[in-house]
Structure formats: C-alpha cells, structure tokens
file entry.tsv (TSV, C-alpha atoms and all ligand atoms)
chain	number	residue	atom	x	y	z
A	9	MET	CA	-13.80	53.79	94.38
A	10	THR	CA	-14.21	50.51	92.60
A	11	GLN	CA	-17.22	50.10	90.37
A	12	LEU	CA	-19.47	47.09	91.09
A	13	TYR	CA	-21.24	45.25	88.30
A	14	ARG	CA	-23.64	42.33	88.54
A	15	ILE	CA	-23.23	39.90	85.69
A	16	THR	CA	-25.44	36.90	85.02
A	17	LEU	CA	-23.59	33.94	83.53
A	18	LEU	CA	-25.40	31.41	81.36
A	19	PRO	CA	-22.87	28.65	80.63
A	20	GLY	CA	-25.50	26.54	78.82
A	21	ASP	CA	-24.61	23.30	77.08
A	22	GLY	CA	-21.75	21.47	75.35
A	23	ILE	CA	-18.50	23.42	75.46
A	24	GLY	CA	-20.35	26.31	77.17
A	25	PRO	CA	-19.10	25.73	80.74
A	26	GLU	CA	-15.43	25.33	79.63
A	27	ILE	CA	-15.27	28.50	77.59
A	28	MET	CA	-17.29	30.43	80.16
A	29	SER	CA	-14.79	29.58	82.86
A	30	VAL	CA	-11.97	31.10	80.78
A	31	ALA	CA	-13.98	34.27	80.13
A	32	VAL	CA	-14.76	34.67	83.82
A	33	ASP	CA	-11.08	34.36	84.74
A	34	VAL	CA	-10.24	36.98	82.12
A	35	LEU	CA	-12.92	39.34	83.41
A	36	LYS	CA	-11.66	38.91	86.97
A	37	ALA	CA	-8.09	39.60	85.92
A	38	VAL	CA	-8.91	42.74	83.98
A	39	GLY	CA	-11.28	43.83	86.74
A	40	GLN	CA	-8.48	43.62	89.27
A	41	GLN	CA	-6.23	45.73	87.07
A	42	LEU	CA	-8.79	48.45	86.47
A	43	GLU	CA	-10.65	48.42	89.79
A	44	LEU	CA	-13.87	46.97	88.48
A	45	THR	CA	-15.59	44.46	90.73
A	46	PHE	CA	-17.83	41.85	89.16
A	47	GLU	CA	-20.45	39.96	91.08
A	48	PHE	CA	-21.22	36.85	89.06
A	49	GLN	CA	-24.47	34.92	89.36
A	50	GLU	CA	-24.96	31.73	87.38
A	51	ALA	CA	-28.29	30.66	85.89
A	52	LEU	CA	-29.69	27.86	83.74
A	53	LEU	CA	-30.59	28.11	80.07
A	54	GLY	CA	-31.10	25.62	77.27
A	55	GLY	CA	-30.46	21.91	77.74
A	56	ALA	CA	-28.95	22.47	81.17
A	57	ALA	CA	-32.22	24.12	82.23
A	58	ILE	CA	-34.34	21.39	80.61
A	59	GLU	CA	-32.49	18.74	82.64
A	60	ALA	CA	-32.94	20.62	85.91
A	61	THR	CA	-36.42	22.12	85.51
A	62	GLY	CA	-38.08	20.69	82.40
A	63	GLU	CA	-38.09	24.03	80.60
A	64	PRO	CA	-35.41	25.79	78.54
A	65	LEU	CA	-35.90	29.25	80.08
A	66	PRO	CA	-36.91	29.04	83.76
A	67	ALA	CA	-38.64	32.17	85.10
A	68	LYS	CA	-35.85	32.56	87.64
A	69	THR	CA	-33.25	32.83	84.87
A	70	LEU	CA	-35.15	35.63	83.15
A	71	GLU	CA	-35.55	37.44	86.49
A	72	LEU	CA	-31.84	37.20	87.28
A	73	CYS	CA	-30.94	38.45	83.80
A	74	LYS	CA	-33.31	41.40	84.13
A	75	SER	CA	-31.86	42.37	87.48
A	76	SER	CA	-28.23	42.31	86.34
A	77	ASP	CA	-26.07	44.87	84.54
A	78	ALA	CA	-25.22	42.49	81.71
A	79	VAL	CA	-25.63	38.86	80.69
A	80	LEU	CA	-22.86	36.65	79.36
A	81	LEU	CA	-24.06	33.54	77.52
A	82	ALA	CA	-21.88	30.72	76.22
A	83	ALA	CA	-23.85	28.37	73.98
A	84	ILE	CA	-26.94	26.18	74.07
A	85	GLY	CA	-28.24	23.06	72.35
A	86	ALA	CA	-27.44	19.39	71.96
A	87	PRO	CA	-28.70	16.69	69.61
A	88	GLN	CA	-30.75	14.92	72.29
A	89	TYR	CA	-33.09	17.92	72.51
A	90	ASP	CA	-33.73	18.24	68.77
A	91	THR	CA	-36.71	15.93	68.92
A	92	LEU	CA	-38.46	17.63	71.85
A	93	PRO	CA	-41.63	19.64	71.15
A	94	ARG	CA	-40.67	23.16	70.02
A	95	HIS	CA	-41.62	24.90	73.29
A	96	GLN	CA	-39.15	22.68	75.16
A	97	ARG	CA	-36.17	23.08	72.86
A	98	PRO	CA	-33.02	24.95	73.95
A	99	GLU	CA	-33.42	27.37	71.00
A	100	THR	CA	-36.85	28.37	72.29
A	101	GLY	CA	-35.21	29.34	75.57
A	102	LEU	CA	-32.77	31.60	73.77
A	103	LEU	CA	-35.52	33.23	71.71
A	104	GLY	CA	-37.56	33.75	74.89
A	105	LEU	CA	-34.58	35.38	76.56
A	106	ARG	CA	-34.01	37.75	73.61
A	107	SER	CA	-37.62	38.77	73.51
A	108	GLY	CA	-38.02	38.83	77.33
A	109	LEU	CA	-35.10	41.26	77.61
A	110	GLY	CA	-36.30	43.28	74.59
A	111	LEU	CA	-32.99	42.74	72.77
A	112	PHE	CA	-33.99	43.92	69.33
A	113	ALA	CA	-30.52	44.79	68.04
A	114	ASN	CA	-27.92	42.12	67.39
A	115	LEU	CA	-24.41	43.29	66.51
A	116	ARG	CA	-22.21	40.69	64.85
A	117	PRO	CA	-18.76	41.88	63.85
A	118	ALA	CA	-16.83	39.84	61.28
A	119	LYS	CA	-13.30	41.07	61.12
A	120	ILE	CA	-10.39	39.26	59.52
A	121	LEU	CA	-7.44	38.99	61.86
A	122	PRO	CA	-4.15	39.09	59.92
A	123	GLN	CA	-2.89	36.25	62.14
A	124	LEU	CA	-5.69	33.95	60.96
A	125	ILE	CA	-6.10	34.97	57.35
A	126	ASP	CA	-5.05	31.57	56.03
A	127	ALA	CA	-7.85	29.91	58.00
A	128	SER	CA	-10.38	31.48	55.61
A	129	SER	CA	-11.72	29.26	52.84
A	130	LEU	CA	-11.53	32.27	50.52
A	131	LYS	CA	-8.40	33.60	48.88
A	132	ARG	CA	-6.20	35.94	50.88
A	133	GLU	CA	-6.63	38.77	48.35
A	134	VAL	CA	-10.43	38.53	48.68
A	135	VAL	CA	-10.64	38.58	52.48
A	136	GLU	CA	-7.65	40.70	53.44
A	137	GLY	CA	-8.84	43.75	55.36
A	138	VAL	CA	-12.47	42.58	55.72
A	139	ASP	CA	-14.14	44.36	58.63
A	140	ILE	CA	-17.93	44.06	58.60
A	141	MET	CA	-20.56	44.71	61.23
A	142	VAL	CA	-23.88	42.94	60.71
A	143	VAL	CA	-26.74	44.63	62.56
A	144	ARG	CA	-29.52	42.05	62.71
A	145	GLU	CA	-33.05	42.75	63.93
A	146	LEU	CA	-33.62	40.16	66.65
A	147	THR	CA	-37.09	40.24	68.17
A	148	GLY	CA	-39.36	40.58	65.15
A	149	GLY	CA	-39.76	39.40	61.58
A	150	ILE	CA	-40.55	35.82	60.68
A	151	TYR	CA	-39.14	34.46	63.95
A	152	PHE	CA	-41.95	36.02	65.95
A	153	GLY	CA	-44.67	37.13	63.46
A	154	GLN	CA	-48.24	35.88	63.89
A	155	PRO	CA	-49.92	33.73	62.77
A	156	LYS	CA	-47.47	30.86	63.19
A	157	GLY	CA	-48.00	27.16	63.59
A	158	VAL	CA	-49.00	24.00	61.77
A	159	PHE	CA	-52.73	23.97	61.09
A	160	ALA	CA	-55.08	21.45	59.52
A	161	THR	CA	-56.74	22.63	56.32
A	162	GLU	CA	-60.30	21.77	55.29
A	163	SER	CA	-59.02	18.92	53.14
A	164	GLY	CA	-57.30	17.47	56.22
A	165	GLU	CA	-53.85	18.28	54.91
A	166	LYS	CA	-51.50	20.08	57.31
A	167	ARG	CA	-50.23	23.57	56.48
A	168	GLY	CA	-47.22	25.17	58.16
A	169	VAL	CA	-47.27	28.93	58.58
A	170	ASN	CA	-44.84	31.62	59.67
A	171	THR	CA	-45.35	35.31	59.09
A	172	MET	CA	-42.73	37.86	58.19
A	173	ALA	CA	-44.00	41.11	59.63
A	174	TYR	CA	-42.44	44.41	60.69
A	175	THR	CA	-44.09	47.54	62.01
A	176	GLU	CA	-42.69	50.97	61.16
A	177	SER	CA	-41.48	51.47	64.72
A	178	GLU	CA	-39.67	48.13	64.73
A	179	ILE	CA	-37.87	49.08	61.52
A	180	ASP	CA	-37.06	52.57	62.75
A	181	ARG	CA	-35.47	51.48	66.01
A	182	ILE	CA	-33.15	48.91	64.40
A	183	GLY	CA	-32.48	51.38	61.59
A	184	ARG	CA	-31.33	54.00	64.08
A	185	VAL	CA	-29.02	51.55	65.84
A	186	ALA	CA	-27.54	50.68	62.44
A	187	PHE	CA	-27.00	54.30	61.37
A	188	GLU	CA	-25.42	55.09	64.74
A	189	THR	CA	-23.18	52.02	64.43
A	190	ALA	CA	-22.10	52.97	60.90
A	191	ARG	CA	-21.39	56.49	62.11
A	192	LYS	CA	-18.81	55.11	64.56
A	193	ARG	CA	-17.23	53.02	61.79
A	194	ARG	CA	-16.55	53.86	58.12
A	195	LYS	CA	-19.94	55.58	57.67
A	196	GLN	CA	-21.33	53.20	55.08
A	197	LEU	CA	-24.59	51.39	55.67
A	198	CYS	CA	-26.01	48.71	53.39
A	199	SER	CA	-29.61	47.71	54.07
A	200	VAL	CA	-30.51	44.20	52.91
A	201	ASP	CA	-34.06	43.16	52.04
A	202	LYS	CA	-36.18	41.40	49.43
A	203	ALA	CA	-38.19	44.44	48.36
A	204	ASN	CA	-38.55	43.15	44.79
A	205	VAL	CA	-40.86	40.41	46.11
A	206	LEU	CA	-41.97	41.04	49.70
A	207	GLU	CA	-44.29	43.83	50.90
A	208	VAL	CA	-42.72	43.73	54.35
A	209	SER	CA	-39.35	44.40	52.71
A	210	GLN	CA	-40.73	47.33	50.71
A	211	LEU	CA	-41.87	48.93	53.96
A	212	TRP	CA	-38.42	48.16	55.42
A	213	ARG	CA	-36.69	49.87	52.49
A	214	ASP	CA	-38.99	52.91	52.61
A	215	ARG	CA	-38.43	53.47	56.33
A	216	ILE	CA	-34.66	52.99	56.18
A	217	THR	CA	-34.52	55.42	53.26
A	218	ALA	CA	-36.58	57.97	55.21
A	219	LEU	CA	-34.31	57.64	58.27
A	220	ALA	CA	-31.25	58.44	56.16
A	221	ALA	CA	-32.27	62.12	56.21
A	222	ASP	CA	-31.26	62.21	59.89
A	223	TYR	CA	-27.82	60.76	59.13
A	224	PRO	CA	-26.48	62.77	56.18
A	225	ASP	CA	-22.92	61.78	57.08
A	226	VAL	CA	-23.70	58.07	56.50
A	227	GLU	CA	-23.78	56.75	52.95
A	228	LEU	CA	-26.79	54.43	52.54
A	229	SER	CA	-27.15	51.68	49.94
A	230	HIS	CA	-29.64	48.83	49.46
A	231	LEU	CA	-29.20	45.26	48.26
A	232	TYR	CA	-31.58	42.37	47.74
A	233	VAL	CA	-30.66	39.52	50.02
A	234	ASP	CA	-29.71	37.07	47.26
A	235	ASN	CA	-27.34	39.61	45.75
A	236	ALA	CA	-25.97	40.47	49.20
A	237	ALA	CA	-25.18	36.80	49.82
A	238	MET	CA	-23.28	36.71	46.55
A	239	GLN	CA	-21.45	40.02	47.08
A	240	LEU	CA	-20.29	38.85	50.50
A	241	VAL	CA	-18.19	36.12	48.93
A	242	ARG	CA	-17.37	38.01	45.71
A	243	ASN	CA	-16.05	41.20	47.23
A	244	PRO	CA	-16.60	41.38	50.99
A	245	ARG	CA	-14.44	44.48	51.42
A	246	GLN	CA	-17.21	46.60	49.86
A	247	PHE	CA	-19.18	46.23	53.12
A	248	ASP	CA	-18.87	48.27	56.28
A	249	THR	CA	-22.14	48.04	58.23
A	250	ILE	CA	-25.05	45.86	57.10
A	251	VAL	CA	-28.57	46.18	58.53
A	252	THR	CA	-31.20	43.55	57.92
A	253	GLY	CA	-34.16	41.66	59.37
A	254	ASN	CA	-34.10	38.65	61.64
A	255	LEU	CA	-34.01	35.75	59.17
A	256	PHE	CA	-31.79	37.39	56.55
A	257	GLY	CA	-29.48	38.46	59.37
A	258	ASP	CA	-29.32	34.93	60.75
A	259	ILE	CA	-28.12	33.65	57.39
A	260	LEU	CA	-25.86	36.51	56.33
A	261	SER	CA	-24.14	36.73	59.71
A	262	ASP	CA	-23.08	33.08	59.45
A	263	GLU	CA	-21.81	33.75	55.95
A	264	ALA	CA	-19.91	36.85	57.06
A	265	ALA	CA	-18.52	34.93	60.03
A	266	MET	CA	-17.11	32.23	57.80
A	267	LEU	CA	-15.22	34.80	55.70
A	268	THR	CA	-12.94	35.17	58.68
A	269	GLY	CA	-12.18	31.46	58.62
A	270	SER	CA	-13.03	30.84	62.19
A	271	ILE	CA	-16.45	31.09	63.66
A	272	GLY	CA	-14.67	30.17	66.91
A	273	MET	CA	-13.32	33.73	67.06
A	274	LEU	CA	-16.50	35.78	66.72
A	275	PRO	CA	-18.43	37.48	69.51
A	276	SER	CA	-21.84	39.16	69.36
A	277	ALA	CA	-23.88	41.65	71.34
A	278	SER	CA	-27.65	41.86	71.66
A	279	LEU	CA	-28.97	45.15	72.93
A	280	GLY	CA	-32.34	46.66	73.81
A	281	ALA	CA	-33.52	50.21	74.32
A	282	SER	CA	-32.45	49.99	77.95
A	283	GLY	CA	-31.62	47.31	80.51
A	284	SER	CA	-29.06	44.58	80.37
A	285	GLY	CA	-27.53	43.45	77.09
A	286	LEU	CA	-26.73	39.86	76.20
A	287	PHE	CA	-23.29	38.89	74.94
A	288	GLU	CA	-22.52	35.56	73.32
A	289	PRO	CA	-20.20	33.91	70.83
A	290	VAL	CA	-21.60	33.37	67.33
A	291	HIS	CA	-20.63	29.68	67.39
A	292	GLY	CA	-22.72	26.90	68.86
A	293	SER	CA	-22.27	24.43	71.71
A	294	ALA	CA	-20.07	21.95	69.76
A	295	PRO	CA	-21.30	18.85	71.62
A	296	ASP	CA	-18.82	16.68	69.69
A	297	ILE	CA	-15.84	18.17	71.54
A	298	ALA	CA	-17.53	19.07	74.84
A	299	GLY	CA	-15.62	18.23	78.01
A	300	GLN	CA	-12.38	17.42	76.15
A	301	ASP	CA	-10.55	20.69	76.77
A	302	LYS	CA	-10.33	21.29	73.01
A	303	ALA	CA	-12.69	24.22	72.59
A	304	ASN	CA	-11.57	27.65	71.43
A	305	PRO	CA	-12.50	30.08	74.23
A	306	LEU	CA	-11.58	33.23	72.27
A	307	ALA	CA	-15.05	34.09	70.93
A	308	GLN	CA	-16.33	33.80	74.49
A	309	VAL	CA	-13.53	36.02	75.76
A	310	LEU	CA	-14.19	38.54	72.98
A	311	SER	CA	-17.88	38.45	73.94
A	312	ALA	CA	-16.81	39.46	77.44
A	313	ALA	CA	-14.89	42.33	75.81
A	314	MET	CA	-18.06	43.36	73.96
A	315	LEU	CA	-19.93	43.17	77.27
A	316	LEU	CA	-17.48	45.65	78.74
A	317	ARG	CA	-17.65	47.98	75.73
A	318	TYR	CA	-21.36	47.95	74.86
A	319	GLY	CA	-22.94	46.70	78.08
A	320	LEU	CA	-20.96	48.49	80.79
A	321	ASP	CA	-19.35	51.34	78.86
A	322	GLN	CA	-15.85	50.28	79.94
A	323	PRO	CA	-13.86	50.67	76.70
A	324	VAL	CA	-10.44	50.60	78.37
A	325	ALA	CA	-11.08	47.19	79.91
A	326	SER	CA	-12.52	45.99	76.61
A	327	ASP	CA	-9.47	47.19	74.65
A	328	ARG	CA	-7.21	45.43	77.08
A	329	ILE	CA	-8.90	42.05	76.57
A	330	GLU	CA	-8.90	42.44	72.78
A	331	GLN	CA	-5.22	43.34	72.91
A	332	ALA	CA	-4.48	40.25	75.00
A	333	VAL	CA	-6.20	38.03	72.43
A	334	LEU	CA	-4.15	39.51	69.58
A	335	THR	CA	-0.94	39.20	71.56
A	336	VAL	CA	-1.58	35.53	72.32
A	337	LEU	CA	-2.25	34.88	68.62
A	338	ASP	CA	0.88	36.82	67.66
A	339	ALA	CA	2.84	34.51	69.95
A	340	GLY	CA	1.64	31.59	67.82
A	341	HIS	CA	-0.83	30.01	70.26
A	342	ARG	CA	-3.78	28.28	68.65
A	343	THR	CA	-6.62	25.94	69.54
A	344	GLY	CA	-7.31	23.07	67.14
A	345	ASP	CA	-9.95	24.90	65.07
A	346	ILE	CA	-7.50	27.64	64.03
A	347	LEU	CA	-4.30	25.63	64.02
A	348	SER	CA	-1.92	26.12	61.11
A	349	GLU	CA	1.61	25.03	60.37
A	350	GLY	CA	4.29	26.17	62.79
A	351	MET	CA	1.81	27.24	65.48
A	352	THR	CA	1.51	25.81	69.00
A	353	LEU	CA	-1.58	23.76	69.78
A	354	LEU	CA	-3.22	24.60	73.10
A	355	GLY	CA	-6.28	23.30	74.87
A	356	CYS	CA	-9.05	25.52	76.18
A	357	LYS	CA	-7.60	25.86	79.69
A	358	ALA	CA	-4.05	26.49	78.51
A	359	MET	CA	-5.32	29.19	76.16
A	360	GLY	CA	-7.00	30.79	79.18
A	361	GLN	CA	-3.74	30.70	81.14
A	362	GLU	CA	-1.88	32.35	78.24
A	363	LEU	CA	-4.47	35.12	78.23
A	364	ILE	CA	-4.13	35.75	81.95
A	365	GLN	CA	-0.32	35.87	81.72
A	366	THR	CA	-0.55	38.21	78.76
A	367	LEU	CA	-2.93	40.50	80.61
A	368	GLU	CA	-0.46	40.67	83.47
A	369	SER	CA	2.39	41.50	81.14
A	370	LEU	CA	0.32	44.12	79.26
A	371	GLN	CA	-0.27	45.87	82.55
A	372	GLY	CA	3.49	45.68	83.09
B	401	LIG	C1	-28.20	32.47	66.05
B	401	LIG	C2	-28.79	31.08	66.10
B	401	LIG	C3	-30.19	31.18	66.67
B	401	LIG	C4	-31.03	32.01	65.71
B	401	LIG	C5	-30.87	29.83	66.99
B	401	LIG	C6	-30.00	28.98	67.88
B	401	LIG	C7	-32.24	30.03	67.58
B	401	LIG	O1	-28.76	30.49	64.84
B	401	LIG	O2	-28.07	33.08	67.13
B	401	LIG	O3	-27.91	32.94	64.97
B	401	LIG	O4	-31.55	31.50	64.72
B	401	LIG	O5	-31.16	33.21	65.96
B	402	MG	MG	-27.76	31.65	63.37
call {"tool": "encode", "arguments": {"input": "entry.tsv", "output": "structure tokens", "more": "lines below"}}
Ligand code: IPM
Ligand code: MG
result
Amino acid sequence: MTQLYRITLLPGDGIGPEIMSVAVDVLKAVGQQLELTFEFQEALLGGAAIEATGEPLPAKTLELCKSSDAVLLAAIGAPQYDTLPRHQRPETGLLGLRSGLGLFANLRPAKILPQLIDASSLKREVVEGVDIMVVRELTGGIYFGQPKGVFATESGEKRGVNTMAYTESEIDRIGRVAFETARKRRKQLCSVDKANVLEVSQLWRDRITALAADYPDVELSHLYVDNAAMQLVRNPRQFDTIVTGNLFGDILSDEAAMLTGSIGMLPSASLGASGSGLFEPVHGSAPDIAGQDKANPLAQVLSAAMLLRYGLDQPVASDRIEQAVLTVLDAGHRTGDILSEGMTLLGCKAMGQELIQTLESLQG
C-alpha cells in the first residue's frame, strides 16, 4: 500500500517559488519510485503573505502547517519590507511559525562536499573533511525573552531591551536532542556559551554538564562563543556536533555554512517534541536574482531530503535524493554560485531536470 503524506509548501519570497518548484518535482519523482504519495498544499508566508493579507503569518497558514505531516519552506524577505513595523516584517512571520509549531530544535549540517571544496574561501587543507552539525535552540533565548521592546526612560531617552533567558527545561530538551544527534554521528558534542560573563550561560553549562551523565558514550566539551567562532575557522575539523542557544546558533551556523563555500547547498531542519517539522534552506530569498532562473535549487532539494529523513522517517527516499545531488555534481553541473572552471553552468530549471533524469537512472 502506498503511504500518503500531507506536506505544506511555503514558497515565500524572492527565489523561493523557483527553487520550491524543483524540490516538489524531485519529491514527486522519488515518491513515484518508492510508492510514497504526497499531497501538497501551498500557503502564504513572509512578503507574499503581507501582499495578500497584510500580515506575514496568516492564521490559515499556521493551521495548515499544524495539520500537515511536514512543512517545506523556501525563503522569505525582501528589501521593501525592511522598513515595515516589526510585527509586519517577513522575519516576524518565520519566528511566529517556529514558535507556533513549537520547533525548538534547529539542525544545521555543514558538510564539505569534495566536489565543491574549491568554492570555500578557506584553504583546502583546512576544510577538507569538515562535517559539522549545529544544533541551535530556536524558540527561546534572546529572540523571545521578556521584557523586550524600546521604552522611554525617565529622562525621556529611549532604551532598547532584549532579554536572554533560558529555563532549565528549555536547556534540557535541546541538550537531549543534541546528545542524541551526536550519538548518531561521531559522538562528540561541543556546547557553546558565554558562561564567563552571562548568568544564563552558566545555567546552560551546568545543565548540559548534568545531562552528560545520561550519555556516557558521548564526549562533551565546552567553548565560549568567541573562542568557538575562532576555532571554526582555525581548525573546523575538530567539531562534530555543536549545541548552542538561539543567537549564538544564528551566528555560528552562518559561519559554519560558509566553511563549505556555498550557502546555496545547505539545508536545515527545525523539529519540536511532536507534530510537523519545518525544513528550509539556510540561505535567504536572494531578491537580486529572483525570477531569472539563476538560483541554486540544491539546498531546497536537500531540505526536502531532510524532510523525508527527519520529518517522515523515510531514510531510503532521503538517501536517494542526496545521491542524486552528488551524482549531478560529479557530472560537472553547476549553478552560477558554485561554478568553477571546466564545469557546466545550468539555470535553476535545468538543474531540476538533471536531478529528475539522475533519479530515473539511479532507479535503473
Ligand atoms: C535564520 C535567519 C532568521 C533567524 C531570521 C530570518 C529571522 O537568520 O534562520 O538563521 O535569525 O533565525
Ligand atoms: Mg541566520
């Protein structure tokens, strides 16, 4: 019997719709091969939602996401929305979606592909073999802590406030996801904080240290965030799994992504305790190349592979998509962002067609 999955698609803004269309074709193709049926429903998020409804996360979108088996997001944001009040910005829609779905764990793999090693801005000998998983806390910390806002002081001067706060249970649940993740990898976990200065980080470090007793097979280390940022470019191979809070994770995951040379290649997964996960590329909406058939759809396609692996527990289908991506790269096909000498330049659509053909031949 074929398995039926309901997937909500959020194409969003900029290059979002183009790369989403490739990922959907790939999902359909692999679904056909492995007898998985996908029922896709499209919903509005970000700028696209602002245009249609005036708000970045319409209630209907959140409802659809909650009622589906998994959510595939492309990218949101465009310069024309940067001046809107904060509650109307595309980013606020994304944050609302993460918190509305309870997606506290964000997994961001940064793995160097041998085919793209020369795209890295770091030397080959530094980045060769890099394979890092950043586990970022996503629904707490300074992004959501109260109080927050810009308030008038007694002197009439304005004061901007955000609060970095974590409860023990918030730390424990992301800590457990991180230990479990490390367990399935090379069994090394590095927790990143700023415990030499911040009380919230001291609590973070104490809890993560206490949790380690339940995972004796995982080797735990700690780094301060400034040192971690430096070590990531000095010797990135020392890292396996990294766990950190929301803001530090935002910054370090971009840094880790860039080690690989192409942020256009990196997927991510956001997971909660239960319910549908959200899968999205790490890169943004690239408004400068939107609608020109130049975008690299591979991070979106690899996000669909993560959706299959982590969201639907379909590792065979996920492997098949990842294999197709590697095969297409091996054949020398590249979009503009990862183009190097001797390779063939393809547009977004043509890259999608190569993937579909490759999937067919892999089934062979
Ligand atoms: C990310 C992005 C978001 C974040 C923005 C768009 C709100 O930078 O997913 O890393 O800061 O979390
Ligand atoms: Mg970010």
call {"tool": "atom_distance", "arguments": {"input": "entry.tsv", "atom1": "CA of Leu92 (chain A)", "atom2": "CA of Leu279 (chain A)"}}
result
29.1 Å
call {"tool": "closest_residue", "arguments": {"input": "entry.tsv", "among": "A:Glu288, A:Asp214, A:Glu162, A:Glu99", "to": "ligand LIG 401 (chain B)", "atoms": "only C-alpha atoms and all ligand atoms"}}
result
A:Glu99
call {"tool": "residues_near_ligand", "arguments": {"input": "entry.tsv", "ligand": "ligand MG 402 (chain B)", "cutoff": "7 Å", "atoms": "only C-alpha atoms and all ligand atoms", "output": "VMD selection string"}}
result
chain A and resid 258 to 259 262
call {"tool": "closest_residue", "arguments": {"input": "entry.tsv", "among": "A:Ala173, A:Ala186, A:Ala82, A:Ala339", "to": "Ile27 (chain A)", "atoms": "only C-alpha atoms"}}
result
A:Ala82
call {"tool": "axis_aligned_box", "arguments": {"input": "entry.tsv", "around": "ligand LIG 401 (chain B)", "padding_each_side": "4 Å", "output": "JSON"}}
result
{"center_x": -30.1, "center_y": 31.1, "center_z": 66.3, "size_x": 12.3, "size_y": 12.2, "size_z": 11.2}
call {"tool": "residues_around", "arguments": {"input": "entry.tsv", "residues": "Glu145 (chain A)", "least_positions_apart": "2", "cutoff": "7 Å", "atoms": "all atoms listed in the file", "output": "list of chain:residue names"}}
result
A:Phe112, A:Ala113, A:Asn114, A:Val143, A:Thr147, A:Gly148, A:Ile182, A:Thr252, A:Gly253, A:Asn254
call {"tool": "residues_near_ligand", "arguments": {"input": "entry.tsv", "ligand": "ligand LIG 401 (chain B)", "cutoff": "10 Å", "atoms": "all atoms listed in the file", "output": "ChimeraX atom specification"}}
result
/A:83-85,97-104,106,114,116,144-147,151,254-255,257-262,276,278,288-293
call {"tool": "decode", "arguments": {"input": "entry.tsv", "residues": "region 252-265 of chain A", "atoms": "C-alpha atoms", "output": "short mmCIF file (atom, residue, chain, number, x, y, z; two decimals), in the first residue's frame"}}
result
data_model
loop_
_atom_site.label_atom_id
_atom_site.label_comp_id
_atom_site.auth_asym_id
_atom_site.auth_seq_id
_atom_site.Cartn_x
_atom_site.Cartn_y
_atom_site.Cartn_z
CA THR A 252 24.14 26.34 21.46
CA GLY A 253 21.44 28.93 22.16
CA ASN A 254 19.37 30.85 19.66
CA LEU A 255 21.53 33.91 18.99
CA PHE A 256 24.91 32.19 19.16
CA GLY A 257 23.50 29.47 16.91
CA ASP A 258 22.25 32.02 14.39
CA ILE A 259 25.75 33.44 14.06
CA LEU A 260 27.80 30.25 14.27
CA SER A 261 25.59 28.38 11.81
CA ASP A 262 26.21 31.06 9.16
CA GLU A 263 29.93 30.83 9.87
CA ALA A 264 29.89 27.03 9.66
CA ALA A 265 27.84 27.23 6.46
#
